[in-house]
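A.B. asks: Structure: work-v3.cif, mmCIF, C-alpha atoms and all ligand atoms.
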```
data_start
#
loop_
_atom_site.group_PDB
_atom_site.id
_atom_site.type_symbol
_atom_site.label_atom_id
_atom_site.label_comp_id
_atom_site.auth_asym_id
_atom_site.auth_seq_id
_atom_site.Cartn_x
_atom_site.Cartn_y
_atom_site.Cartn_z
ATOM 1 C CA MET A 1 27.699 8.405 22.002
ATOM 2 C CA PRO A 2 26.054 5.559 23.941
ATOM 3 C CA GLY A 3 27.627 2.140 23.450
ATOM 4 C CA ALA A 4 27.068 0.231 20.205
ATOM 5 C CA LEU A 5 24.236 -2.306 20.236
ATOM 6 C CA PRO A 6 25.119 -5.991 20.469
ATOM 7 C CA ARG A 7 25.162 -7.806 17.128
ATOM 8 C CA HIS A 8 23.581 -11.210 17.332
ATOM 9 C CA PRO A 9 25.585 -13.843 15.443
ATOM 10 C CA ARG A 10 22.444 -15.734 14.394
ATOM 11 C CA LEU A 11 20.423 -12.759 13.182
ATOM 12 C CA VAL A 12 20.783 -12.099 9.441
ATOM 13 C CA SER A 13 18.999 -9.294 7.578
ATOM 14 C CA LEU A 14 18.461 -8.615 3.899
ATOM 15 C CA GLU A 15 18.189 -5.045 2.733
ATOM 16 C CA GLY A 16 17.871 -3.204 -0.551
ATOM 17 C CA GLY A 17 15.615 -1.066 -2.670
ATOM 18 C CA GLU A 18 12.505 -2.043 -4.533
ATOM 19 C CA GLY A 19 12.889 -4.953 -6.946
ATOM 20 C CA ALA A 20 16.388 -5.783 -5.692
ATOM 21 C CA GLY A 21 15.494 -9.499 -5.546
ATOM 22 C CA LYS A 22 15.276 -10.144 -1.828
ATOM 23 C CA SER A 23 12.945 -13.107 -2.377
ATOM 24 C CA THR A 24 15.558 -15.096 -4.340
ATOM 25 C CA ALA A 25 18.250 -14.064 -1.876
ATOM 26 C CA LEU A 26 16.164 -15.132 1.134
ATOM 27 C CA ALA A 27 15.735 -18.601 -0.308
ATOM 28 C CA ALA A 28 19.498 -18.845 -0.919
ATOM 29 C CA VAL A 29 20.285 -17.830 2.670
ATOM 30 C CA ARG A 30 17.719 -20.260 4.084
ATOM 31 C CA ASP A 31 18.984 -23.171 1.972
ATOM 32 C CA LEU A 32 22.591 -22.511 2.906
ATOM 33 C CA ILE A 33 21.938 -22.355 6.654
ATOM 34 C CA THR A 34 19.490 -25.268 6.804
ATOM 35 C CA GLY A 35 21.991 -27.233 4.685
ATOM 36 C CA ARG A 36 24.390 -26.887 7.587
ATOM 37 C CA GLY A 37 21.858 -28.441 9.919
ATOM 38 C CA HIS A 38 20.496 -25.357 11.657
ATOM 39 C CA GLU A 39 16.891 -24.283 12.189
ATOM 40 C CA VAL A 40 16.054 -21.115 10.221
ATOM 41 C CA VAL A 41 13.155 -18.762 10.918
ATOM 42 C CA LEU A 42 12.314 -16.631 7.879
ATOM 43 C CA THR A 43 10.508 -13.424 8.702
ATOM 44 C CA ARG A 44 9.947 -9.903 7.432
ATOM 45 C CA GLU A 45 9.534 -6.270 8.381
ATOM 46 C CA PRO A 46 7.342 -4.432 8.723
ATOM 47 C CA GLY A 47 5.404 -7.499 9.900
ATOM 48 C CA GLY A 48 6.316 -10.959 11.083
ATOM 49 C CA THR A 49 3.591 -11.267 13.769
ATOM 50 C CA PRO A 50 -0.203 -10.919 13.402
ATOM 51 C CA LEU A 51 -0.199 -7.524 15.103
ATOM 52 C CA ALA A 52 2.851 -6.282 13.223
ATOM 53 C CA GLU A 53 1.247 -7.424 9.946
ATOM 54 C CA ARG A 54 -1.765 -5.254 10.817
ATOM 55 C CA ILE A 55 0.581 -2.322 11.349
ATOM 56 C CA ARG A 56 2.105 -3.152 7.944
ATOM 57 C CA GLU A 57 -1.336 -2.799 6.366
ATOM 58 C CA LEU A 58 -1.706 0.633 7.967
ATOM 59 C CA LEU A 59 1.745 1.630 6.762
ATOM 60 C CA LEU A 60 1.611 0.432 3.191
ATOM 61 C CA GLY A 61 -2.062 0.331 2.231
ATOM 62 C CA GLY A 62 -2.507 -0.374 -1.470
ATOM 63 C CA ARG A 63 -1.026 -3.857 -1.735
ATOM 64 C CA ASP A 64 -2.985 -7.098 -1.585
ATOM 65 C CA GLY A 65 -6.163 -5.211 -2.421
ATOM 66 C CA LEU A 66 -5.901 -3.278 0.838
ATOM 67 C CA ARG A 67 -7.235 0.067 -0.159
ATOM 68 C CA ASP A 68 -7.648 1.372 3.356
ATOM 69 C CA GLY A 69 -10.030 4.327 3.338
ATOM 70 C CA ALA A 70 -8.460 5.923 6.390
ATOM 71 C CA THR A 71 -4.902 5.871 5.053
ATOM 72 C CA ASP A 72 -6.007 7.035 1.610
ATOM 73 C CA ALA A 73 -8.014 9.915 2.975
ATOM 74 C CA GLU A 74 -5.458 11.030 5.532
ATOM 75 C CA PRO A 75 -1.790 11.335 4.587
ATOM 76 C CA LEU A 76 0.539 9.574 6.999
ATOM 77 C CA ALA A 77 3.010 11.976 8.592
ATOM 78 C CA ALA A 78 6.663 10.952 8.258
ATOM 79 C CA GLU A 79 6.976 10.867 12.056
ATOM 80 C CA THR A 80 3.938 8.569 12.331
ATOM 81 C CA GLU A 81 5.444 6.322 9.673
ATOM 82 C CA LEU A 82 8.690 6.019 11.649
ATOM 83 C CA LEU A 83 6.923 5.290 14.935
ATOM 84 C CA LEU A 84 4.681 2.665 13.325
ATOM 85 C CA MET A 85 7.752 0.982 11.789
ATOM 86 C CA PHE A 86 9.280 0.786 15.255
ATOM 87 C CA ALA A 87 6.001 -0.304 16.881
ATOM 88 C CA ALA A 88 5.880 -3.224 14.451
ATOM 89 C CA ARG A 89 9.587 -3.939 15.031
ATOM 90 C CA ALA A 90 9.301 -3.882 18.834
ATOM 91 C CA GLN A 91 6.532 -6.477 18.600
ATOM 92 C CA HIS A 92 8.418 -8.547 16.023
ATOM 93 C CA VAL A 93 11.604 -8.597 18.073
ATOM 94 C CA ARG A 94 9.833 -9.696 21.244
ATOM 95 C CA GLN A 95 7.411 -12.209 19.708
ATOM 96 C CA VAL A 96 9.540 -13.786 16.991
ATOM 97 C CA VAL A 97 13.187 -12.752 16.874
ATOM 98 C CA GLN A 98 14.238 -13.088 20.512
ATOM 99 C CA PRO A 99 12.391 -16.386 21.188
ATOM 100 C CA ALA A 100 13.918 -17.954 18.056
ATOM 101 C CA LEU A 101 17.423 -16.750 18.914
ATOM 102 C CA ARG A 102 17.024 -17.998 22.485
ATOM 103 C CA ARG A 103 16.227 -21.525 21.318
ATOM 104 C CA GLY A 104 19.278 -21.533 19.060
ATOM 105 C CA ALA A 105 17.652 -20.909 15.662
ATOM 106 C CA TYR A 106 18.934 -18.546 12.993
ATOM 107 C CA VAL A 107 16.596 -15.682 12.126
ATOM 108 C CA VAL A 108 16.673 -14.346 8.577
ATOM 109 C CA SER A 109 14.693 -11.140 8.241
ATOM 110 C CA ASP A 110 13.578 -9.537 4.998
ATOM 111 C CA ARG A 111 14.464 -5.984 6.137
ATOM 112 C CA PHE A 112 15.290 -4.809 9.659
ATOM 113 C CA THR A 113 16.298 -1.526 11.317
ATOM 114 C CA ASP A 114 18.639 -0.418 8.505
ATOM 115 C CA SER A 115 15.514 0.128 6.392
ATOM 116 C CA SER A 116 14.297 2.733 8.884
ATOM 117 C CA TYR A 117 17.605 4.598 8.673
ATOM 118 C CA ALA A 118 17.467 4.473 4.868
ATOM 119 C CA TYR A 119 13.765 5.132 4.180
ATOM 120 C CA GLN A 120 12.656 7.287 7.111
ATOM 121 C CA GLY A 121 16.091 8.792 7.830
ATOM 122 C CA GLU A 122 17.557 9.479 4.385
ATOM 123 C CA GLY A 123 14.344 9.241 2.368
ATOM 124 C CA ARG A 124 12.045 11.277 4.622
ATOM 125 C CA GLY A 125 14.790 13.354 6.264
ATOM 126 C CA LEU A 126 14.003 12.377 9.854
ATOM 127 C CA ASP A 127 16.616 12.841 12.569
ATOM 128 C CA ARG A 128 19.155 10.018 12.671
ATOM 129 C CA ALA A 129 19.693 10.452 16.418
ATOM 130 C CA TRP A 130 15.977 9.902 17.035
ATOM 131 C CA ILE A 131 16.081 6.684 14.990
ATOM 132 C CA ALA A 132 19.166 5.547 16.919
ATOM 133 C CA ASP A 133 17.338 6.199 20.186
ATOM 134 C CA LEU A 134 14.322 4.179 19.026
ATOM 135 C CA GLU A 135 16.641 1.403 17.909
ATOM 136 C CA ARG A 136 18.322 1.312 21.304
ATOM 137 C CA ARG A 137 15.081 1.358 23.304
ATOM 138 C CA ALA A 138 12.706 -0.680 21.135
ATOM 139 C CA VAL A 139 15.049 -3.142 19.423
ATOM 140 C CA GLY A 140 18.230 -3.492 21.460
ATOM 141 C CA LEU A 141 20.180 -5.627 19.006
ATOM 142 C CA GLN A 142 21.545 -5.610 15.475
ATOM 143 C CA PRO A 143 22.067 -8.374 12.958
ATOM 144 C CA GLY A 144 25.441 -10.057 12.929
ATOM 145 C CA LEU A 145 25.257 -10.073 9.132
ATOM 146 C CA THR A 146 23.405 -7.742 6.771
ATOM 147 C CA LEU A 147 23.270 -8.476 3.054
ATOM 148 C CA LEU A 148 22.658 -5.348 1.024
ATOM 149 C CA LEU A 149 21.331 -6.031 -2.467
ATOM 150 C CA ASP A 150 22.448 -2.948 -4.297
ATOM 151 C CA LEU A 151 20.727 -2.023 -7.557
ATOM 152 C CA ASP A 152 20.207 0.987 -9.785
ATOM 153 C CA VAL A 153 16.911 2.609 -8.752
ATOM 154 C CA ARG A 154 15.398 2.704 -12.230
ATOM 155 C CA GLU A 155 16.287 -0.910 -12.896
ATOM 156 C CA GLY A 156 14.637 -1.975 -9.638
ATOM 157 C CA ARG A 157 11.496 -0.027 -10.403
ATOM 158 C CA ALA A 158 11.365 -1.402 -13.941
ATOM 159 C CA ARG A 159 11.399 -4.905 -12.475
ATOM 160 C CA THR A 160 8.357 -4.241 -10.304
ATOM 161 C CA ALA A 161 6.449 -2.039 -12.775
ATOM 162 C CA GLY A 162 3.095 -3.554 -13.557
ATOM 163 C CA ARG A 163 3.322 -5.999 -10.642
ATOM 164 C CA ASP A 164 0.797 -4.190 -8.520
ATOM 165 C CA LEU A 165 -2.472 -2.799 -9.718
ATOM 166 C CA TRP A 166 -2.009 -0.143 -7.047
ATOM 167 C CA PRO A 167 1.517 0.614 -5.933
ATOM 168 C CA ASP A 168 1.744 0.884 -2.154
ATOM 169 C CA ARG A 169 2.222 4.229 -0.419
ATOM 170 C CA ILE A 170 6.016 4.046 -0.306
ATOM 171 C CA GLU A 171 6.310 2.580 -3.814
ATOM 172 C CA SER A 172 4.463 5.644 -5.105
ATOM 173 C CA GLU A 173 7.384 7.930 -4.190
ATOM 174 C CA GLN A 174 9.521 9.554 -6.896
ATOM 175 C CA ASP A 175 12.959 8.390 -8.046
ATOM 176 C CA ASP A 176 14.843 11.037 -6.011
ATOM 177 C CA PHE A 177 13.367 9.545 -2.813
ATOM 178 C CA PHE A 178 14.694 6.115 -3.786
ATOM 179 C CA GLU A 179 18.088 7.569 -4.767
ATOM 180 C CA ARG A 180 18.410 8.961 -1.235
ATOM 181 C CA VAL A 181 17.378 5.591 0.181
ATOM 182 C CA ARG A 182 19.985 3.786 -1.918
ATOM 183 C CA LEU A 183 22.685 6.221 -0.835
ATOM 184 C CA GLY A 184 21.583 5.777 2.780
ATOM 185 C CA PHE A 185 22.035 2.003 2.577
ATOM 186 C CA ARG A 186 25.423 2.346 0.870
ATOM 187 C CA ARG A 187 26.649 4.800 3.488
ATOM 188 C CA ARG A 188 25.657 2.428 6.263
ATOM 189 C CA ALA A 189 27.451 -0.424 4.509
ATOM 190 C CA GLU A 190 30.591 1.686 4.164
ATOM 191 C CA ALA A 191 30.439 2.698 7.820
ATOM 192 C CA GLU A 192 30.037 -0.893 9.073
ATOM 193 C CA PRO A 193 31.983 -3.128 6.684
ATOM 194 C CA GLU A 194 32.299 -5.909 9.288
ATOM 195 C CA ARG A 195 28.490 -6.294 9.394
ATOM 196 C CA PHE A 196 27.505 -5.590 5.777
ATOM 197 C CA ARG A 197 28.152 -7.545 2.598
ATOM 198 C CA VAL A 198 27.161 -5.637 -0.531
ATOM 199 C CA ILE A 199 25.849 -7.836 -3.350
ATOM 200 C CA ASP A 200 25.588 -6.630 -6.946
ATOM 201 C CA ALA A 201 21.863 -7.164 -7.528
ATOM 202 C CA ALA A 202 22.046 -6.338 -11.239
ATOM 203 C CA GLN A 203 23.292 -9.872 -11.937
ATOM 204 C CA PRO A 204 20.859 -12.578 -13.100
ATOM 205 C CA PRO A 205 18.852 -14.136 -10.222
ATOM 206 C CA GLN A 206 20.927 -17.322 -10.092
ATOM 207 C CA ALA A 207 24.177 -15.336 -9.851
ATOM 208 C CA VAL A 208 22.706 -13.191 -7.069
ATOM 209 C CA GLY A 209 21.715 -16.370 -5.206
ATOM 210 C CA THR A 210 25.231 -17.790 -5.628
ATOM 211 C CA ALA A 211 26.874 -14.558 -4.415
ATOM 212 C CA VAL A 212 24.565 -14.401 -1.403
ATOM 213 C CA ALA A 213 25.172 -18.053 -0.486
ATOM 214 C CA ALA A 214 28.948 -17.572 -0.780
ATOM 215 C CA ALA A 215 28.844 -14.505 1.482
ATOM 216 C CA VAL A 216 26.797 -16.352 4.103
ATOM 217 C CA ALA A 217 29.044 -19.425 3.926
ATOM 218 C CA ARG A 218 32.180 -17.315 4.491
ATOM 219 C CA TRP A 219 30.492 -15.553 7.350
ATOM 220 C CA LEU A 220 29.381 -18.819 9.016
ATOM 221 C CA ASP A 221 32.886 -20.224 8.613
ATOM 222 C CA GLY A 222 34.246 -17.111 10.322
ATOM 223 C CA GLN A 223 31.817 -17.640 13.235
ATOM 224 C CA GLN A 224 33.072 -21.132 14.032
ATOM 225 C CA GLY A 225 35.035 -21.312 17.220
ATOM 226 C CA ARG A 226 33.777 -17.933 18.435
ATOM 227 C CA PRO A 227 32.114 -17.874 21.849
HETATM 228 N N1 LIG A 301 10.117 0.072 4.884
HETATM 229 C C1 LIG A 301 10.451 1.305 5.451
HETATM 230 O O1 LIG A 301 10.193 2.350 4.859
HETATM 231 N N2 LIG A 301 11.034 1.335 6.676
HETATM 232 C C2 LIG A 301 11.303 0.215 7.394
HETATM 233 O O2 LIG A 301 11.830 0.290 8.519
HETATM 234 C C3 LIG A 301 10.965 -1.047 6.791
HETATM 235 C C4 LIG A 301 10.374 -1.077 5.543
HETATM 236 C C5 LIG A 301 11.253 -2.319 7.535
HETATM 237 C C6 LIG A 301 7.867 -2.858 2.276
HETATM 238 O O3 LIG A 301 9.008 -3.627 2.178
HETATM 239 C C7 LIG A 301 8.157 -1.385 2.258
HETATM 240 O O4 LIG A 301 8.433 -0.937 3.588
HETATM 241 C C8 LIG A 301 9.359 -1.031 1.442
HETATM 242 C C9 LIG A 301 10.327 -0.362 2.420
HETATM 243 C C10 LIG A 301 9.469 0.030 3.563
HETATM 244 N N3 LIG A 301 8.901 -0.040 0.470
HETATM 245 N N4 LIG A 301 9.404 0.138 -0.622
HETATM 246 N N5 LIG A 301 9.733 0.360 -1.654
HETATM 247 P P1 LIG A 301 9.067 -4.885 1.220
HETATM 248 O O5 LIG A 301 10.423 -5.446 1.389
HETATM 249 O O6 LIG A 301 7.901 -5.756 1.467
HETATM 250 O O7 LIG A 301 8.815 -4.234 -0.217
HETATM 251 P P2 LIG A 301 9.741 -4.032 -1.420
HETATM 252 O O8 LIG A 301 11.142 -3.670 -1.144
HETATM 253 O O9 LIG A 301 8.976 -3.067 -2.235
HETATM 254 O O10 LIG A 301 9.773 -5.506 -2.025
HETATM 255 P P3 LIG A 301 10.043 -5.830 -3.512
HETATM 256 O O11 LIG A 301 9.866 -4.690 -4.430
HETATM 257 O O12 LIG A 301 9.243 -7.041 -3.789
HETATM 258 O O13 LIG A 301 11.576 -6.152 -3.544
HETATM 259 P P4 LIG A 301 12.306 -7.509 -3.508
HETATM 260 O O14 LIG A 301 11.670 -8.409 -2.498
HETATM 261 O O15 LIG A 301 13.718 -7.214 -3.327
HETATM 262 O O16 LIG A 301 12.089 -8.076 -4.974
HETATM 263 P P5 LIG A 301 11.550 -9.525 -5.436
HETATM 264 O O17 LIG A 301 10.107 -9.723 -5.083
HETATM 265 O O18 LIG A 301 12.497 -10.578 -5.063
HETATM 266 O O19 LIG A 301 11.640 -9.282 -6.993
HETATM 267 C C11 LIG A 301 10.901 -8.255 -7.602
HETATM 268 C C12 LIG A 301 10.750 -8.530 -9.100
HETATM 269 O O20 LIG A 301 12.045 -8.487 -9.722
HETATM 270 C C13 LIG A 301 10.189 -9.915 -9.443
HETATM 271 O O21 LIG A 301 9.379 -9.785 -10.566
HETATM 272 C C14 LIG A 301 11.413 -10.732 -9.760
HETATM 273 O O22 LIG A 301 11.138 -11.777 -10.651
HETATM 274 C C15 LIG A 301 12.335 -9.706 -10.386
HETATM 275 N N6 LIG A 301 13.755 -9.979 -10.134
HETATM 276 C C16 LIG A 301 14.293 -10.317 -8.936
HETATM 277 N N7 LIG A 301 15.620 -10.511 -9.056
HETATM 278 C C17 LIG A 301 15.925 -10.274 -10.348
HETATM 279 C C18 LIG A 301 17.147 -10.284 -11.085
HETATM 280 N N8 LIG A 301 18.315 -10.588 -10.487
HETATM 281 N N9 LIG A 301 17.102 -9.960 -12.386
HETATM 282 C C19 LIG A 301 15.928 -9.633 -12.977
HETATM 283 N N10 LIG A 301 14.735 -9.610 -12.349
HETATM 284 C C20 LIG A 301 14.726 -9.927 -11.046
#
```
Turn this file's structure into structure tokens for me.
Ligand code: Z5A
C.D. replies:
Amino acid sequence: MPGALPRHPRLVSLEGGEGAGKSTALAAVRDLITGRGHEVVLTREPGGTPLAERIRELLLGGRDGLRDGATDAEPLAAETELLLMFAARAQHVRQVVQPALRRGAYVVSDRFTDSSYAYQGEGRGLDRAWIADLERRAVGLQPGLTLLLDLDVREGRARTAGRDLWPDRIESEQDDFFERVRLGFRRRAEAEPERFRVIDAAQPPQAVGTAVAAAVARWLDGQQGRP
């Protein structure tokens, strides 16, 4: 197996299924890190740059009134979905993530490559080795810390039910798809315990925020003094 990718100590990602509460968690991470006097760049995937946001529209359709005729009329192949996710990510990494890391900022991303392993790998059944190859060539780094907001699939979907007039393309999948995605995230967390912190997302929002902030604080404390 080729060497593991470098983990950047100032790149933090948030992962989880639908309705897991990433928005509350993102705010908690941002407040904690800015409270320690560091610049924080909040961003998201797919998206984060104008071009990557356009790719997001192609990928998700549906949301924000975007009822794209082309994507509705023509189903998106799983392979196309994966490649578009990585096209958006390659752009995001080069335009936003790397420049921010180079100037010393922290980058907090609402989803990153683990989502591709979970959704396109476990959910769609695409080859893990292919995803790893794309990760190595198009991304080239991993977060130093990944917070996984873990939540029962039905509970997450109940939280978002009725939010969107039209659920987006991925949100329209059935529960068994999301069960595979959840398992995919949990397996990755088990395999890389030094990178992942698993947060019980069934707690009330304030408790989730407190748990997330505590995990980030411990992690930052552990970074001090490292080269
Ligand atoms: N995707 C992919 O397939 N492959 C990839 O490589 C990448 C992404 C990067 C877009 O992501 C889709 O792209 C996503 C995965 C796929 N598709 N799905 N499903 P996204 O992150 O933009 O979309 P999302 O996961 O669907 O976002 P979300 O449903 O909004 O989840 P969230 O951000 O974690 O939830 P939230 O907005 O913070 O909260 C949702 C609702 O729950 C809201 O009404 C809250 O008030 C409520 N909530 C939140 N926390 C709580 C608690 N603790 N208790 C009760 N209620 C709560």
A.B. asks: May I ask you to write as a PyMOL selection string all residues lying at most 6 Å from ligand LIG 301 (chain A), with all atoms listed in the file counted?
C.D. replies: chain A and resi 17-24+45-46+85+111-113+115-116+119-120+159-160+170-171+201-205
A.B. asks: Assuming the chain letters and numbering stay as they are in my file, what does the PyMOL selection byres (((chain A and resi 104) around 12) and not hetatm) actually select? List them as JSON, numbers by chain.
C.D. replies: {"A": [8, 9, 10, 11, 37, 38, 39, 40, 41, 97, 98, 99, 100, 101, 102, 103, 105, 106, 107]}
A.B. asks: Check which residues of region 105-170 of chain A sit at most 10 Å from region 214-222 of chain A using all atoms listed in the file, and return one row each with the closest pair of atoms and their distance in Å to one decimal, ordered by chain and rising number, as a Markdown table.
C.D. replies:
```
| residue | atom | partner | partner_atom | distance |
| --- | --- | --- | --- | --- |
| A:Gly144 | CA | A:Trp219 | CA | 9.3 |
| A:Leu145 | CA | A:Trp219 | CA | 7.8 |
| A:Thr146 | CA | A:Val216 | CA | 9.6 |
| A:Leu147 | CA | A:Ala215 | CA | 8.4 |
```
A.B. asks: What does the structure give for the distance between CA of Gly47 (chain A) and CA of Asp110 (chain A), in Å to one decimal?
C.D. replies: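 These atoms are spaced 9.7 Å apart.
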A.B. asks: Fewer than 3 positions away in the same chain doesn't count, so skip those; otherwise give me all residues within 7 Å of Leu60 (chain A), counting all atoms listed in the file, as an NGL selection string.
C.D. replies: :A and (56-57 or 168-170)
A.B. asks: Pick from A:Arg124, A:Arg180, A:Arg54, A:Arg197: nearest to Ala78 (chain A), with all atoms listed in the file counted?
C.D. replies: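 Residue with the minimum atom-to-atom distance to Ala78 (chain A): A:Arg124.
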A.B. asks: Kindly list the centre and edge lengths in Å, rounded to one decimal, for the axis-aligned box that covers all listed atoms of region 214-218 of chain A plus 3 Å on each of its six sides, as AutoDock Vina command-line options.
C.D. replies:
```
--center_x 29.5 --center_y -17.0 --center_z 1.9 --size_x 11.4 --size_y 10.9 --size_z 11.3
```
A.B. asks: Translate the PyMOL selection byres (((chain A and resi 89) around 10) and not hetatm), as applied to the file shown, into an explicit residue set as a list of chain:residue names.
C.D. replies: A:Arg44, A:Glu45, A:Pro46, A:Gly47, A:Gly48, A:Thr49, A:Ala52, A:Ile55, A:Leu83, A:Leu84, A:Met85, A:Phe86, A:Ala87, A:Ala88, A:Ala90, A:Gln91, A:His92, A:Val93, A:Arg94, A:Gln95, A:Val97, A:Phe112, A:Thr113, A:Glu135, A:Ala138, A:Val139
A.B. asks: Fewer than 4 positions away in the same chain doesn't count, so skip those; otherwise give me all residues within 7 Å of Ile199 (chain A), counting only C-alpha atoms, as a PyMOL selection string.
C.D. replies: chain A and resi 147-150+211-212
A.B. asks: Go ahead and write the selection's residues with C-alpha atoms as a short mmCIF file (atom, residue, chain, number, x, y, z; two decimals), keeping the file's coordinate frame.
C.D. replies:
```cif
data_model
loop_
_atom_site.label_atom_id
_atom_site.label_comp_id
_atom_site.auth_asym_id
_atom_site.auth_seq_id
_atom_site.Cartn_x
_atom_site.Cartn_y
_atom_site.Cartn_z
CA LEU A 147 23.27 -8.48 3.05
CA LEU A 148 22.66 -5.35 1.02
CA LEU A 149 21.33 -6.03 -2.47
CA ASP A 150 22.45 -2.95 -4.30
CA ALA A 211 26.87 -14.56 -4.42
CA VAL A 212 24.56 -14.40 -1.40
#
```
A.B. asks: So what does the PyMOL selection byres (((chain A and resi 122) around 9) and not hetatm) actually pick up in this one, as a PyMOL selection string?
C.D. replies: chain A and resi 116-121+123-128+177+180-185
A.B. asks: Nearest to Pro167 (chain A) among A:Gly61, A:Gly209, A:Pro193, A:Gly140, with distances taken over all atoms listed in the file: which residue is it?
C.D. replies: A:Gly61
A.B. asks: Please, what distance in Å, to one decimal, runs between CA of Leu58 (chain A) and CA of Glu79 (chain A)?
C.D. replies: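 Value for the CA of Leu58 (chain A)-CA of Glu79 (chain A) distance: 14.0 Å.
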A.B. asks: Separation of CA of Gln142 (chain A) and CA of Ala77 (chain A), in Å?
C.D. replies: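 Taking CA of Gln142 (chain A) and CA of Ala77 (chain A), their separation equals 26.5 Å.
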A.B. asks: With distances taken over only C-alpha atoms, which residue among A:Glu81, A:Ala27, A:Arg7, A:Leu14 lies nearest Gln206 (chain A)?
C.D. replies: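 Among A:Glu81, A:Ala27, A:Arg7, A:Leu14, it is A:Ala27 that comes nearest to Gln206 (chain A).
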A.B. asks: Please output region 176-190 of chain A, rebuilt to include N, CA and C atoms, as a PDB file, keeping the file's coordinate frame.
C.D. replies:
```
ATOM      1  N   ASP A 176      13.838  10.391  -6.877  1.00  0.00           N
ATOM      2  CA  ASP A 176      14.843  11.037  -6.011  1.00  0.00           C
ATOM      3  C   ASP A 176      14.740  10.532  -4.573  1.00  0.00           C
ATOM      4  N   PHE A 177      13.538  10.164  -4.139  1.00  0.00           N
ATOM      5  CA  PHE A 177      13.367   9.545  -2.813  1.00  0.00           C
ATOM      6  C   PHE A 177      14.172   8.243  -2.763  1.00  0.00           C
ATOM      7  N   PHE A 178      14.022   7.420  -3.787  1.00  0.00           N
ATOM      8  CA  PHE A 178      14.694   6.115  -3.786  1.00  0.00           C
ATOM      9  C   PHE A 178      16.210   6.248  -3.984  1.00  0.00           C
ATOM     10  N   GLU A 179      16.637   7.325  -4.658  1.00  0.00           N
ATOM     11  CA  GLU A 179      18.088   7.569  -4.767  1.00  0.00           C
ATOM     12  C   GLU A 179      18.657   7.873  -3.380  1.00  0.00           C
ATOM     13  N   ARG A 180      17.939   8.663  -2.595  1.00  0.00           N
ATOM     14  CA  ARG A 180      18.410   8.961  -1.235  1.00  0.00           C
ATOM     15  C   ARG A 180      18.446   7.690  -0.386  1.00  0.00           C
ATOM     16  N   VAL A 181      17.428   6.852  -0.574  1.00  0.00           N
ATOM     17  CA  VAL A 181      17.378   5.591   0.181  1.00  0.00           C
ATOM     18  C   VAL A 181      18.584   4.719  -0.186  1.00  0.00           C
ATOM     19  N   ARG A 182      18.861   4.631  -1.486  1.00  0.00           N
ATOM     20  CA  ARG A 182      19.985   3.786  -1.918  1.00  0.00           C
ATOM     21  C   ARG A 182      21.299   4.292  -1.325  1.00  0.00           C
ATOM     22  N   LEU A 183      21.469   5.615  -1.392  1.00  0.00           N
ATOM     23  CA  LEU A 183      22.685   6.221  -0.835  1.00  0.00           C
ATOM     24  C   LEU A 183      22.764   5.952   0.668  1.00  0.00           C
ATOM     25  N   GLY A 184      21.626   6.039   1.336  1.00  0.00           N
ATOM     26  CA  GLY A 184      21.583   5.777   2.780  1.00  0.00           C
ATOM     27  C   GLY A 184      22.066   4.372   3.107  1.00  0.00           C
ATOM     28  N   PHE A 185      21.587   3.387   2.353  1.00  0.00           N
ATOM     29  CA  PHE A 185      22.035   2.003   2.577  1.00  0.00           C
ATOM     30  C   PHE A 185      23.538   1.889   2.316  1.00  0.00           C
ATOM     31  N   ARG A 186      24.004   2.499   1.212  1.00  0.00           N
ATOM     32  CA  ARG A 186      25.423   2.346   0.870  1.00  0.00           C
ATOM     33  C   ARG A 186      26.312   2.999   1.919  1.00  0.00           C
ATOM     34  N   ARG A 187      25.857   4.134   2.443  1.00  0.00           N
ATOM     35  CA  ARG A 187      26.649   4.800   3.488  1.00  0.00           C
ATOM     36  C   ARG A 187      26.735   3.921   4.732  1.00  0.00           C
ATOM     37  N   ARG A 188      25.631   3.300   5.082  1.00  0.00           N
ATOM     38  CA  ARG A 188      25.657   2.428   6.263  1.00  0.00           C
ATOM     39  C   ARG A 188      26.592   1.241   6.026  1.00  0.00           C
ATOM     40  N   ALA A 189      26.561   0.710   4.821  1.00  0.00           N
ATOM     41  CA  ALA A 189      27.451  -0.424   4.509  1.00  0.00           C
ATOM     42  C   ALA A 189      28.919   0.003   4.584  1.00  0.00           C
ATOM     43  N   GLU A 190      29.200   1.198   4.104  1.00  0.00           N
ATOM     44  CA  GLU A 190      30.591   1.686   4.164  1.00  0.00           C
ATOM     45  C   GLU A 190      31.036   1.912   5.604  1.00  0.00           C
TER      46      GLU A 190
END
```
